[in-house]
>>> print(open('model.cif').read())   # mmCIF, C-alpha atoms
data_entry
loop_
_atom_site.group_PDB
_atom_site.id
_atom_site.type_symbol
_atom_site.label_atom_id
_atom_site.label_comp_id
_atom_site.auth_asym_id
_atom_site.auth_seq_id
_atom_site.Cartn_x
_atom_site.Cartn_y
_atom_site.Cartn_z
ATOM 1 C CA MET A 300 -164.613 39.953 113.288
ATOM 2 C CA SER A 301 -164.554 36.886 111.065
ATOM 3 C CA ILE A 302 -161.376 35.949 109.288
ATOM 4 C CA PRO A 303 -161.907 35.628 105.538
ATOM 5 C CA VAL A 304 -161.224 32.529 103.530
ATOM 6 C CA LYS A 305 -157.856 32.170 101.886
ATOM 7 C CA HIS A 306 -157.058 34.643 99.139
ATOM 8 C CA SER A 307 -154.253 34.569 96.626
ATOM 9 C CA GLU A 308 -151.217 36.616 97.536
ATOM 10 C CA GLU A 309 -152.154 39.267 94.982
ATOM 11 C CA GLU A 310 -155.699 39.538 96.360
ATOM 12 C CA THR A 311 -154.418 39.745 99.921
ATOM 13 C CA ILE A 312 -151.980 42.516 98.991
ATOM 14 C CA ALA A 313 -154.693 44.464 97.156
ATOM 15 C CA LEU A 314 -157.005 44.181 100.173
ATOM 16 C CA LEU A 315 -154.232 45.213 102.560
ATOM 17 C CA GLN A 316 -153.435 48.238 100.430
ATOM 18 C CA LYS A 317 -157.106 49.227 100.730
ATOM 19 C CA LYS A 318 -156.628 48.896 104.541
ATOM 20 C CA ASP A 319 -159.075 46.001 104.753
ATOM 21 C CA GLU A 320 -159.077 44.921 108.406
ATOM 22 C CA GLN A 321 -160.310 41.406 107.641
ATOM 23 C CA ALA A 322 -157.411 40.869 105.266
ATOM 24 C CA PHE A 323 -155.062 42.072 107.977
ATOM 25 C CA ALA A 324 -156.684 39.707 110.507
ATOM 26 C CA TYR A 325 -156.213 36.895 107.975
ATOM 27 C CA LEU A 326 -152.561 37.858 107.540
ATOM 28 C CA TYR A 327 -151.977 37.932 111.293
ATOM 29 C CA GLU A 328 -153.820 34.666 111.915
ATOM 30 C CA ASN A 329 -151.854 32.805 109.245
ATOM 31 C CA TYR A 330 -148.382 34.305 109.566
ATOM 32 C CA SER A 331 -147.907 35.524 113.136
ATOM 33 C CA GLY A 332 -146.656 32.148 114.376
ATOM 34 C CA ALA A 333 -143.959 31.876 111.730
ATOM 35 C CA ILE A 334 -142.918 35.481 112.167
ATOM 36 C CA LEU A 335 -142.781 35.105 115.944
ATOM 37 C CA GLY A 336 -140.446 32.143 115.411
ATOM 38 C CA VAL A 337 -138.074 34.340 113.407
ATOM 39 C CA ILE A 338 -138.217 37.044 116.072
ATOM 40 C CA GLN A 339 -137.534 34.540 118.858
ATOM 41 C CA LYS A 340 -134.325 33.461 117.112
ATOM 42 C CA ILE A 341 -133.086 37.013 117.700
ATOM 43 C CA ILE A 342 -134.905 37.976 120.915
ATOM 44 C CA SER A 343 -135.014 35.264 123.560
ATOM 45 C CA ILE A 344 -137.175 37.182 126.043
ATOM 46 C CA GLN A 345 -140.725 35.997 125.327
ATOM 47 C CA SER A 346 -142.576 39.169 126.322
ATOM 48 C CA LEU A 347 -140.191 41.338 124.313
ATOM 49 C CA ALA A 348 -140.485 39.005 121.313
ATOM 50 C CA GLU A 349 -144.290 39.278 121.469
ATOM 51 C CA ASP A 350 -144.078 43.082 121.661
ATOM 52 C CA THR A 351 -141.757 43.032 118.663
ATOM 53 C CA LEU A 352 -144.267 40.856 116.791
ATOM 54 C CA GLN A 353 -146.922 43.512 117.386
ATOM 55 C CA ASP A 354 -144.539 46.259 116.230
ATOM 56 C CA THR A 355 -143.752 44.209 113.136
ATOM 57 C CA PHE A 356 -147.408 43.890 112.175
ATOM 58 C CA VAL A 357 -147.968 47.613 112.763
ATOM 59 C CA LYS A 358 -145.091 48.288 110.357
ATOM 60 C CA ILE A 359 -146.576 45.841 107.849
ATOM 61 C CA TRP A 360 -149.978 47.557 108.126
ATOM 62 C CA LYS A 361 -148.515 51.045 107.733
ATOM 63 C CA GLY A 362 -145.949 50.099 105.094
ATOM 64 C CA ILE A 363 -147.907 47.779 102.824
ATOM 65 C CA ASP A 364 -147.918 50.437 100.089
ATOM 66 C CA SER A 365 -144.119 50.172 99.899
ATOM 67 C CA TYR A 366 -144.263 46.426 99.197
ATOM 68 C CA ASP A 367 -142.932 45.610 95.719
ATOM 69 C CA SER A 368 -143.853 42.166 94.420
ATOM 70 C CA SER A 369 -141.046 42.302 91.841
ATOM 71 C CA LYS A 370 -138.522 42.159 94.711
ATOM 72 C CA GLY A 371 -139.952 39.079 96.398
ATOM 73 C CA ARG A 372 -142.970 37.438 97.962
ATOM 74 C CA LEU A 373 -145.093 39.070 100.651
ATOM 75 C CA PHE A 374 -143.953 36.579 103.297
ATOM 76 C CA THR A 375 -140.287 37.308 102.539
ATOM 77 C CA TRP A 376 -140.967 41.030 102.863
ATOM 78 C CA MET A 377 -142.711 40.495 106.206
ATOM 79 C CA ILE A 378 -139.823 38.364 107.486
ATOM 80 C CA LYS A 379 -137.394 41.111 106.521
ATOM 81 C CA ILE A 380 -139.442 43.641 108.510
ATOM 82 C CA ALA A 381 -139.552 41.260 111.495
ATOM 83 C CA ARG A 382 -135.808 40.663 111.352
ATOM 84 C CA ASN A 383 -134.976 44.360 111.062
ATOM 85 C CA THR A 384 -137.387 45.273 113.865
ATOM 86 C CA SER A 385 -135.855 42.567 116.075
ATOM 87 C CA LEU A 386 -132.328 43.755 115.366
ATOM 88 C CA ASP A 387 -133.366 47.316 116.159
ATOM 89 C CA VAL A 388 -134.629 46.091 119.536
ATOM 90 C CA VAL A 389 -131.492 44.145 120.488
ATOM 91 C CA ASN A 390 -129.255 46.972 119.319
ATOM 92 C CA SER A 391 -131.176 49.596 121.296
ATOM 93 C CA LYS A 392 -129.565 51.191 124.337
ATOM 94 C CA ASP A 393 -132.510 50.190 126.532
ATOM 95 C CA PHE A 394 -132.112 46.515 125.645
ATOM 96 C CA LYS A 395 -128.350 46.547 126.137
ATOM 97 C CA ASN A 396 -128.680 48.295 129.487
ATOM 98 C CA SER A 397 -131.357 45.866 130.653
ATOM 99 C CA ARG A 398 -129.037 42.945 129.848
ATOM 100 C CA LYS A 399 -126.173 44.562 131.793
ATOM 101 C CA ASN A 400 -128.290 45.296 134.836
ATOM 102 C CA GLN A 401 -129.459 41.770 135.624
ATOM 103 C CA GLU A 402 -129.219 40.832 139.263
ATOM 104 C CA MET A 403 -126.371 38.572 140.278
ATOM 105 C CA SER A 404 -128.794 36.345 142.177
ATOM 106 C CA ASP A 405 -130.277 35.246 138.836
ATOM 107 C CA PHE A 406 -126.941 33.829 137.776
ATOM 108 C CA ILE A 407 -126.208 32.277 141.160
ATOM 109 C CA TYR A 408 -129.566 30.495 141.098
ATOM 110 C CA ASP A 409 -128.762 29.049 137.672
ATOM 111 C CA LEU A 410 -125.404 27.761 138.935
ATOM 112 C CA LYS A 411 -127.054 26.102 141.931
ATOM 113 C CA GLN A 412 -129.588 24.432 139.658
ATOM 114 C CA ASP A 413 -126.860 23.082 137.377
ATOM 115 C CA ASN A 414 -124.840 21.636 140.280
ATOM 116 C CA THR A 415 -127.920 19.992 141.795
ATOM 117 C CA THR A 416 -128.809 18.435 138.473
ATOM 118 C CA LEU A 417 -125.300 17.095 137.956
ATOM 119 C CA ARG A 418 -125.179 15.586 141.436
ATOM 120 C CA HIS A 419 -128.571 13.960 140.917
ATOM 121 C CA LEU A 420 -127.514 12.456 137.589
ATOM 122 C CA ASP A 421 -124.367 11.067 139.150
ATOM 123 C CA SER A 422 -126.313 9.572 142.073
ATOM 124 C CA VAL A 423 -128.451 7.438 139.741
ATOM 125 C CA GLY A 424 -125.339 5.943 138.122
ATOM 126 C CA LEU A 425 -125.679 7.691 134.808
ATOM 127 C CA LYS A 426 -122.019 8.663 134.835
ATOM 128 C CA ASN A 427 -121.067 4.953 134.976
ATOM 129 C CA VAL A 428 -123.276 4.180 131.985
ATOM 130 C CA ILE A 429 -121.827 7.079 130.016
ATOM 131 C CA ASN A 430 -118.292 5.915 130.807
ATOM 132 C CA LYS A 431 -119.087 2.596 129.093
ATOM 133 C CA LEU A 432 -119.827 4.334 125.785
ATOM 134 C CA LYS A 433 -117.284 4.779 123.005
ATOM 135 C CA GLU A 434 -115.147 7.832 123.532
ATOM 136 C CA ASP A 435 -116.697 9.713 120.576
ATOM 137 C CA PHE A 436 -120.183 9.403 122.069
ATOM 138 C CA ARG A 437 -118.951 10.197 125.561
ATOM 139 C CA VAL A 438 -117.338 13.424 124.359
ATOM 140 C CA ILE A 439 -120.542 14.506 122.636
ATOM 141 C CA ILE A 440 -122.626 13.862 125.752
ATOM 142 C CA ASP A 441 -120.097 15.625 127.959
ATOM 143 C CA MET A 442 -120.124 18.652 125.688
ATOM 144 C CA ALA A 443 -123.912 18.758 125.485
ATOM 145 C CA TYR A 444 -124.808 18.168 129.108
ATOM 146 C CA TYR A 445 -121.799 18.781 131.303
#
>>> encode(input="model.cif", output="structure tokens")
Amino acid sequence: MSIPVKHSEEETIALLQKKDEQAFAYLYENYSGAILGVIQKIISIQSLAEDTLQDTFVKIWKGIDSYDSSKGRLFTWMIKIARNTSLDVVNSKDFKNSRKNQEMSDFIYDLKQDNTTLRHLDSVGLKNVINKLKEDFRVIIDMAYY
């Protein structure tokens, strides 16, 4: 399937409303990256974010007839669908339960990694260099890294 050349927003909407698959492929090719970025701000699990992206585009495909250009641009409408779909996912019982049921070993591993990193940084003398900085800068670095 070849992706068509760029159309105006009005042409793209008209083609989508006629269920033109090439127009949809064009829409996905040009907007999926930006929409995935919005989804990832809400859903940090990559695989779940990608699934939500697919769900978002299915909703766009099925709901294009409800789009009203007088209420905003197509991209804004798509972002709203992505945001609402993402919020539905994180507010679902399945998602909340999956977050509660993480194994303790995952958290212990993270703590071990952090301690190892801190010890390594201290062994190369970085702490001495940081201590020579002005207090304002030192506080910022301590808050960001330690």
>>> residues_near_point(input="model.cif", point="(-144.2, 35.0, 117.2)", cutoff="9 Å", atoms="all atoms listed in the file", output="PyMOL selection string")
chain A and resi 330-339+345+348-349+351-353
>>> residues_near_point(input="model.cif", point="(-152.6, 48.3, 103.2)", cutoff="9 Å", atoms="all atoms listed in the file", output="PyMOL selection string")
chain A and resi 312-320+323+359-364
>>> atom_distance(input="model.cif", atom1="atom CA of A:Gly371", atom2="atom CA of A:Asp354")
21.6 Å
>>> closest_residue(input="model.cif", among="A:Asn427, A:Thr355, A:Ser307, A:Asn329", to="A:Leu386", atoms="all atoms listed in the file")
A:Thr355
>>> atom_distance(input="model.cif", atom1="atom CA of A:Met377", atom2="atom CA of A:Tyr327")
10.9 Å
>>> atom_distance(input="model.cif", atom1="atom CA of A:Val388", atom2="atom CA of A:Asp350")
10.1 Å
>>> closest_residue(input="model.cif", among="A:Ala324, A:Leu432, A:Val438, A:Ile342", to="A:Ser385", atoms="only C-alpha atoms")
A:Ile342
>>> axis_aligned_box(input="model.cif", around="stretch 363-373 of chain A", padding_each_side="4 Å", output="JSON")
{"center_x": -143.2, "center_y": 43.9, "center_z": 97.3, "size_x": 17.4, "size_y": 21.0, "size_z": 19.0}
>>> residues_around(input="model.cif", residues="A:Trp376", least_positions_apart="4", cutoff="10 Å", atoms="all atoms listed in the file", output="list in words")
Ile359, Ile363, Tyr366, Asp367, Ser368, Lys370, Gly371, Arg372, Ile380, Ala381 and Arg382 of chain A
